[in-house]
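Notes for the one structure printed next.
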Amino acid sequence: MDDVHRIEIPTPFDVGRVNCYAFVADGLSLLDPGPATEAAYAELSAGLNDLGFTVADVEQVLITHPHMDHFGIAARVIKESGGRAVAHRDAMRPLAEPLDHFDREQAFFRPFLQSMGVPEQVAETAVTLPEAYTDYQEPLAVDYEVRDGDSVDVGVDLTAVHSPGHAPGSVCFVPETAPVAFTGDHVLQHISPNPLLTVAPGTEDERTRSLPDYLDSLERLRAADADTGYGGHGERIEDLDVRIGDIIDHHRQREERIANLIGELGPVTAYDLMQELFPDLPATEVFPGMSEVIGHLDLLEDENRVEIIEEEAIRKYALR
Ligand SMILES: [Zn+2]
Ligand SMILES: [Zn+2]
């Protein structure tokens with residue numbers, strides 16, 4: 001892929017820089033331009049200048065998933081260039097109304113976390129903390145929605161592979177001309193992507209089953225037969241198939257570890273399991289930690305290996 005360039009955009013988040021990909025074969029298209037900060041805008045502009053373009057030249061902005069480190073600045077780019085925004089249909093609502101989406105998440109997960117054994121104060125902190133980050137995004141109206149299998153012309157045709165799990169409306173893009181995939185945060189070289197729980201697209205009061213979805217999405221990406229991955233953070237993934245296999249193995253091992261813990265501890269809440277697995281987790285990691293544990297409990301439930309016991313609005317898990 002000679003006509004694609006990576007621009008590493010700074011973010012204010014622990015994850016570090018985010019990879020923006022610029023496609024220059026026919027006009028200028030960007031994949032994941034970065035968060036809404038002045039630093040990101042300055043480095044995006046400089047990166048485009050190096051390629052002989054300015055922000056005003058952008059014809060379209062593709063978004064892999066509705067997380068602010070990837071899409072936050074897209075509305076500004078589009079305002080300046082008049083280009084179009086492209087994303088999966090399940091990402092449209094969180095992109096267009098990120099604050100409403102955040103309110104929905106808070107309203108749903110506050111009682112939900114408590115039903116999973118999280119103490120009230122800890123649940124409150126876990127759902128309130130992300131508020132600090134909501135400044136790094138601007139609402140983005142999507143002009144062109146894609147579904148699994150649709151293609152987007154960026155000089156070459158990119159085929160969208162729907163890959164929910166890390167986020168709703170996540171898509172990978174696979175060019176028809178080269179055995180590579182642009183993977184967003186679905187697969188990364190050095191980070192094991194977190195299948196975060198979220199309110200299910202199109203609902204107010206249902207959650208996603210993020211880890212089962214995520215593992216299905218890995219198989220869907222694997223079937224696209226790409227050799228090399230270009231992720232949303234870090235270096236490229238030299239052997240995508242090996243990396244996908246490693247991630248699946250990691251989750252299967254953790255699933256067995258959690259099954260063993262349930263066997264030892266008897267009827268047990270997801271929160272108790274999280275504390276066993278990750279003692280002394282800082283408040284910022286409680287939501288990702290609970291997402292991880294509940295994801296594995298969902299797998300065990302799907303495999304009919306656990307029994308769910310509801311007692312006084314608290315849910316406990318026991319082995320069958
Ligand atoms: Zn993400
Ligand atoms: Zn990210």
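Within each chain, counting starts at residue 1; across the structure tokens, chains are named A, B, ... in the order shown, with ligands numbered 1 upward in that order.
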
Give me the residues within 7 Å of Tyr271 (chain A) as a VMD selection string, counting only C-alpha atoms and dropping any in the same chain fewer than 2 places off.
chain A and resid 116 to 118 269 273 to 275 290

Environment of ligand 2 within 8 Å, counting only C-alpha atoms and all ligand atoms, reported as a list in words:
Val15, Val18, His67, Met68, Asp69, His70, Gly184, Asp185, Gly232 and His233 of chain A

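Using only C-alpha atoms and all ligand atoms, the smallest distance between any of A:Tyr144, A:Phe13, A:Tyr317, A:Phe53 and ligand 1 comes from A:Phe13.
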
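Nearest-residue note for Pro212 (chain A): choosing from A:Ile73, A:Ile248, A:Val146, A:Ala259, the minimum distance belongs to A:Ile248, counting only C-alpha atoms.
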
Which neighbours of Asp298 (chain A) fall inside 9 Å, counting only C-alpha atoms, when residues of the same chain fewer than 4 positions from it are skipped, and could you give them as a list of chain:residue names?
A:Arg209, A:Ser210, A:Leu211, A:Pro212, A:Val293, A:Ile294, A:Asp302, A:Glu303

Print the selection's residues with C-alpha atoms to a file, as a short mmCIF file (atom, residue, chain, number, x, y, z; two decimals), in the first residue's frame.
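New file selection.cif:
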```
data_model
loop_
_atom_site.label_atom_id
_atom_site.label_comp_id
_atom_site.auth_asym_id
_atom_site.auth_seq_id
_atom_site.Cartn_x
_atom_site.Cartn_y
_atom_site.Cartn_z
CA ARG A 209 -22.35 -8.97 25.36
CA SER A 210 -19.03 -7.49 24.41
CA LEU A 211 -16.61 -10.39 24.79
CA PRO A 212 -18.68 -13.02 22.93
CA VAL A 293 -14.98 -10.34 34.12
CA ILE A 294 -18.60 -10.05 32.96
CA ASP A 302 -23.31 -19.19 26.64
CA GLU A 303 -21.48 -22.51 27.11
#
```

Can you pull out the residues contacting region 220-230 of chain A? Cut-off 9 Å, using only C-alpha atoms, and skip same-chain residues under 5 positions away; I want them as a PDB file with C-alpha atoms, in the first residue's frame.
```
ATOM      1  CA  ASN A  19      -2.682   6.358  14.313  1.00  0.00           C
ATOM      2  CA  TYR A  21      -4.081   6.917   8.142  1.00  0.00           C
ATOM      3  CA  VAL A 161     -15.719  -5.768   8.211  1.00  0.00           C
ATOM      4  CA  HIS A 162     -18.118  -5.215  11.107  1.00  0.00           C
ATOM      5  CA  SER A 163     -16.176  -5.917  14.297  1.00  0.00           C
ATOM      6  CA  CYS A 172     -12.091  -2.836  10.148  1.00  0.00           C
ATOM      7  CA  VAL A 174      -9.740  -4.270   4.105  1.00  0.00           C
ATOM      8  CA  ALA A 178      -3.498  -5.740  -0.778  1.00  0.00           C
ATOM      9  CA  PRO A 179      -3.663  -8.430   1.963  1.00  0.00           C
ATOM     10  CA  VAL A 180      -3.796  -5.929   4.827  1.00  0.00           C
ATOM     11  CA  ALA A 181      -6.449  -4.704   7.266  1.00  0.00           C
ATOM     12  CA  PHE A 182      -6.938  -1.405   9.056  1.00  0.00           C
ATOM     13  CA  THR A 183      -8.036  -2.691  12.417  1.00  0.00           C
ATOM     14  CA  GLY A 184      -8.816   0.356  14.603  1.00  0.00           C
ATOM     15  CA  VAL A 187      -6.658  -5.771  17.042  1.00  0.00           C
ATOM     16  CA  LEU A 188      -3.497  -4.006  18.254  1.00  0.00           C
ATOM     17  CA  GLN A 189       0.071  -5.278  18.318  1.00  0.00           C
ATOM     18  CA  LEU A 215     -14.460 -13.178  19.708  1.00  0.00           C
ATOM     19  CA  GLU A 235       3.293  -0.351  15.324  1.00  0.00           C
ATOM     20  CA  ARG A 236       1.868  -2.453  12.549  1.00  0.00           C
ATOM     21  CA  ILE A 237       0.860  -6.041  13.209  1.00  0.00           C
ATOM     22  CA  GLU A 238       3.291  -8.125  11.159  1.00  0.00           C
ATOM     23  CA  ASP A 239       1.343 -11.379  11.356  1.00  0.00           C
ATOM     24  CA  LEU A 240      -2.317 -10.635  11.891  1.00  0.00           C
ATOM     25  CA  ASP A 241      -3.356 -14.284  12.025  1.00  0.00           C
ATOM     26  CA  ILE A 244      -5.617 -12.924  16.484  1.00  0.00           C
TER      27      ILE A 244
END
```

Region 84-89 of chain A environment, 7 Å, only C-alpha atoms, sequence neighbours closer than 3 positions dropped, as a VMD selection string:
chain A and resid 59 to 64 78 92 142 to 147 169 to 171

Writer output for current selection, N, CA, C and O atoms, as a PDB file, in the first residue's frame:
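Output file part.pdb is given in full below:
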```pdb
ATOM      1  N   GLU A  59     -11.404  14.978   1.712  1.00  0.00           N
ATOM      2  CA  GLU A  59     -12.685  14.689   1.051  1.00  0.00           C
ATOM      3  C   GLU A  59     -13.584  13.791   1.881  1.00  0.00           C
ATOM      4  O   GLU A  59     -14.796  13.845   1.778  1.00  0.00           O
ATOM      5  N   GLN A  60     -12.969  12.920   2.661  1.00  0.00           N
ATOM      6  CA  GLN A  60     -13.788  12.092   3.550  1.00  0.00           C
ATOM      7  C   GLN A  60     -12.986  11.651   4.763  1.00  0.00           C
ATOM      8  O   GLN A  60     -11.761  11.518   4.713  1.00  0.00           O
ATOM      9  N   VAL A  61     -13.720  11.461   5.851  1.00  0.00           N
ATOM     10  CA  VAL A  61     -13.133  10.991   7.106  1.00  0.00           C
ATOM     11  C   VAL A  61     -13.838   9.693   7.470  1.00  0.00           C
ATOM     12  O   VAL A  61     -15.060   9.682   7.671  1.00  0.00           O
ATOM     13  N   LEU A  62     -13.084   8.604   7.546  1.00  0.00           N
ATOM     14  CA  LEU A  62     -13.630   7.317   7.954  1.00  0.00           C
ATOM     15  C   LEU A  62     -13.325   7.119   9.434  1.00  0.00           C
ATOM     16  O   LEU A  62     -12.236   7.473   9.893  1.00  0.00           O
ATOM     17  N   ILE A  63     -14.295   6.543  10.154  1.00  0.00           N
ATOM     18  CA  ILE A  63     -14.136   6.346  11.597  1.00  0.00           C
ATOM     19  C   ILE A  63     -14.231   4.845  11.894  1.00  0.00           C
ATOM     20  O   ILE A  63     -15.221   4.205  11.526  1.00  0.00           O
ATOM     21  N   THR A  64     -13.202   4.301  12.579  1.00  0.00           N
ATOM     22  CA  THR A  64     -13.250   2.858  12.896  1.00  0.00           C
ATOM     23  C   THR A  64     -14.211   2.550  14.032  1.00  0.00           C
ATOM     24  O   THR A  64     -14.827   1.484  14.047  1.00  0.00           O
ATOM     25  N   ILE A  78     -14.145  18.211   9.071  1.00  0.00           N
ATOM     26  CA  ILE A  78     -15.209  18.237   8.067  1.00  0.00           C
ATOM     27  C   ILE A  78     -15.781  19.638   7.886  1.00  0.00           C
ATOM     28  O   ILE A  78     -16.088  20.077   6.774  1.00  0.00           O
ATOM     29  N   MET A  92     -23.411   5.603  14.612  1.00  0.00           N
ATOM     30  CA  MET A  92     -23.950   6.920  14.260  1.00  0.00           C
ATOM     31  C   MET A  92     -24.470   7.696  15.460  1.00  0.00           C
ATOM     32  O   MET A  92     -24.210   8.887  15.611  1.00  0.00           O
ATOM     33  N   VAL A 142     -22.818  11.688  10.711  1.00  0.00           N
ATOM     34  CA  VAL A 142     -22.320  10.751   9.703  1.00  0.00           C
ATOM     35  C   VAL A 142     -23.111  10.937   8.409  1.00  0.00           C
ATOM     36  O   VAL A 142     -24.337  10.960   8.420  1.00  0.00           O
ATOM     37  N   ASP A 143     -22.394  11.096   7.293  1.00  0.00           N
ATOM     38  CA  ASP A 143     -23.052  11.303   5.998  1.00  0.00           C
ATOM     39  C   ASP A 143     -23.251   9.995   5.245  1.00  0.00           C
ATOM     40  O   ASP A 143     -24.122   9.879   4.404  1.00  0.00           O
ATOM     41  N   TYR A 144     -22.384   9.037   5.522  1.00  0.00           N
ATOM     42  CA  TYR A 144     -22.415   7.793   4.749  1.00  0.00           C
ATOM     43  C   TYR A 144     -22.240   6.630   5.712  1.00  0.00           C
ATOM     44  O   TYR A 144     -21.194   6.499   6.349  1.00  0.00           O
ATOM     45  N   GLU A 145     -23.284   5.829   5.891  1.00  0.00           N
ATOM     46  CA  GLU A 145     -23.203   4.723   6.838  1.00  0.00           C
ATOM     47  C   GLU A 145     -22.840   3.437   6.118  1.00  0.00           C
ATOM     48  O   GLU A 145     -23.323   3.186   5.007  1.00  0.00           O
ATOM     49  N   VAL A 146     -21.961   2.670   6.734  1.00  0.00           N
ATOM     50  CA  VAL A 146     -21.577   1.393   6.138  1.00  0.00           C
ATOM     51  C   VAL A 146     -22.053   0.245   7.023  1.00  0.00           C
ATOM     52  O   VAL A 146     -22.236   0.399   8.228  1.00  0.00           O
ATOM     53  N   ARG A 147     -22.266  -0.872   6.366  1.00  0.00           N
ATOM     54  CA  ARG A 147     -22.540  -2.123   7.070  1.00  0.00           C
ATOM     55  C   ARG A 147     -21.505  -3.141   6.633  1.00  0.00           C
ATOM     56  O   ARG A 147     -20.767  -2.899   5.677  1.00  0.00           O
ATOM     57  N   GLY A 169     -20.469  -0.625  16.691  1.00  0.00           N
ATOM     58  CA  GLY A 169     -20.232   0.061  15.417  1.00  0.00           C
ATOM     59  C   GLY A 169     -18.772   0.093  15.027  1.00  0.00           C
ATOM     60  O   GLY A 169     -18.364   0.924  14.222  1.00  0.00           O
ATOM     61  N   SER A 170     -17.968  -0.821  15.581  1.00  0.00           N
ATOM     62  CA  SER A 170     -16.554  -0.908  15.181  1.00  0.00           C
ATOM     63  C   SER A 170     -16.475  -1.578  13.808  1.00  0.00           C
ATOM     64  O   SER A 170     -17.182  -2.539  13.527  1.00  0.00           O
ATOM     65  N   VAL A 171     -15.621  -1.028  12.953  1.00  0.00           N
ATOM     66  CA  VAL A 171     -15.360  -1.663  11.646  1.00  0.00           C
ATOM     67  C   VAL A 171     -13.858  -1.691  11.370  1.00  0.00           C
ATOM     68  O   VAL A 171     -13.130  -0.762  11.718  1.00  0.00           O
TER      69      VAL A 171
END
```

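Considering only C-alpha atoms and all ligand atoms, the residue among A:Ser217, A:Asn194, A:Thr284, A:Ser115 positioned nearest to ligand 1 is A:Asn194.
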
Please run DSSP on the backbone and report, as a ChimeraX atom specification, all residues within region 61-96 of chain A that come out as strand (DSSP E).
/A:61-62,84-88

Identify all residues of region 88-313 of chain A in alpha helix (DSSP H) (DSSP on the backbone) and supply them as JSON, numbers by chain.
{"A": [92, 93, 94, 95, 96, 98, 99, 100, 101, 102, 103, 104, 105, 106, 107, 108, 109, 110, 111, 112, 113, 114, 115, 120, 121, 122, 123, 124, 125, 126, 127, 128, 210, 211, 212, 213, 214, 215, 216, 217, 218, 219, 220, 221, 222, 240, 241, 242, 243, 244, 245, 246, 247, 248, 249, 250, 251, 252, 253, 254, 255, 256, 257, 258, 259, 260, 261, 262, 263, 264, 265, 270, 271, 272, 273, 274, 275, 276, 277, 286, 287, 288, 289, 290, 291, 292, 293, 294, 295, 296, 297, 298, 299, 300, 301, 302]}

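If you measure from each of A:Leu140, A:Ala167, A:Leu196, A:Leu113 to Ala126 (chain A) using only C-alpha atoms, the closest one turns out to be A:Leu113.
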
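Atom pair CA of Gly165 (chain A) / CA of Asp213 (chain A) has a distance of 5.1 Å (rounded to one decimal).
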
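Going from CA of His65 (chain A) over to CA of Pro168 (chain A), you cover 7.2 Å.
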
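From CA of Ala270 (chain A) back to CA of Arg315 (chain A), the distance works out to 8.1 Å.
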
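The closest residue to ligand 1, picked from A:Asp32, A:Glu307, A:Glu276, A:Glu131 and counting only C-alpha atoms and all ligand atoms, is A:Asp32.
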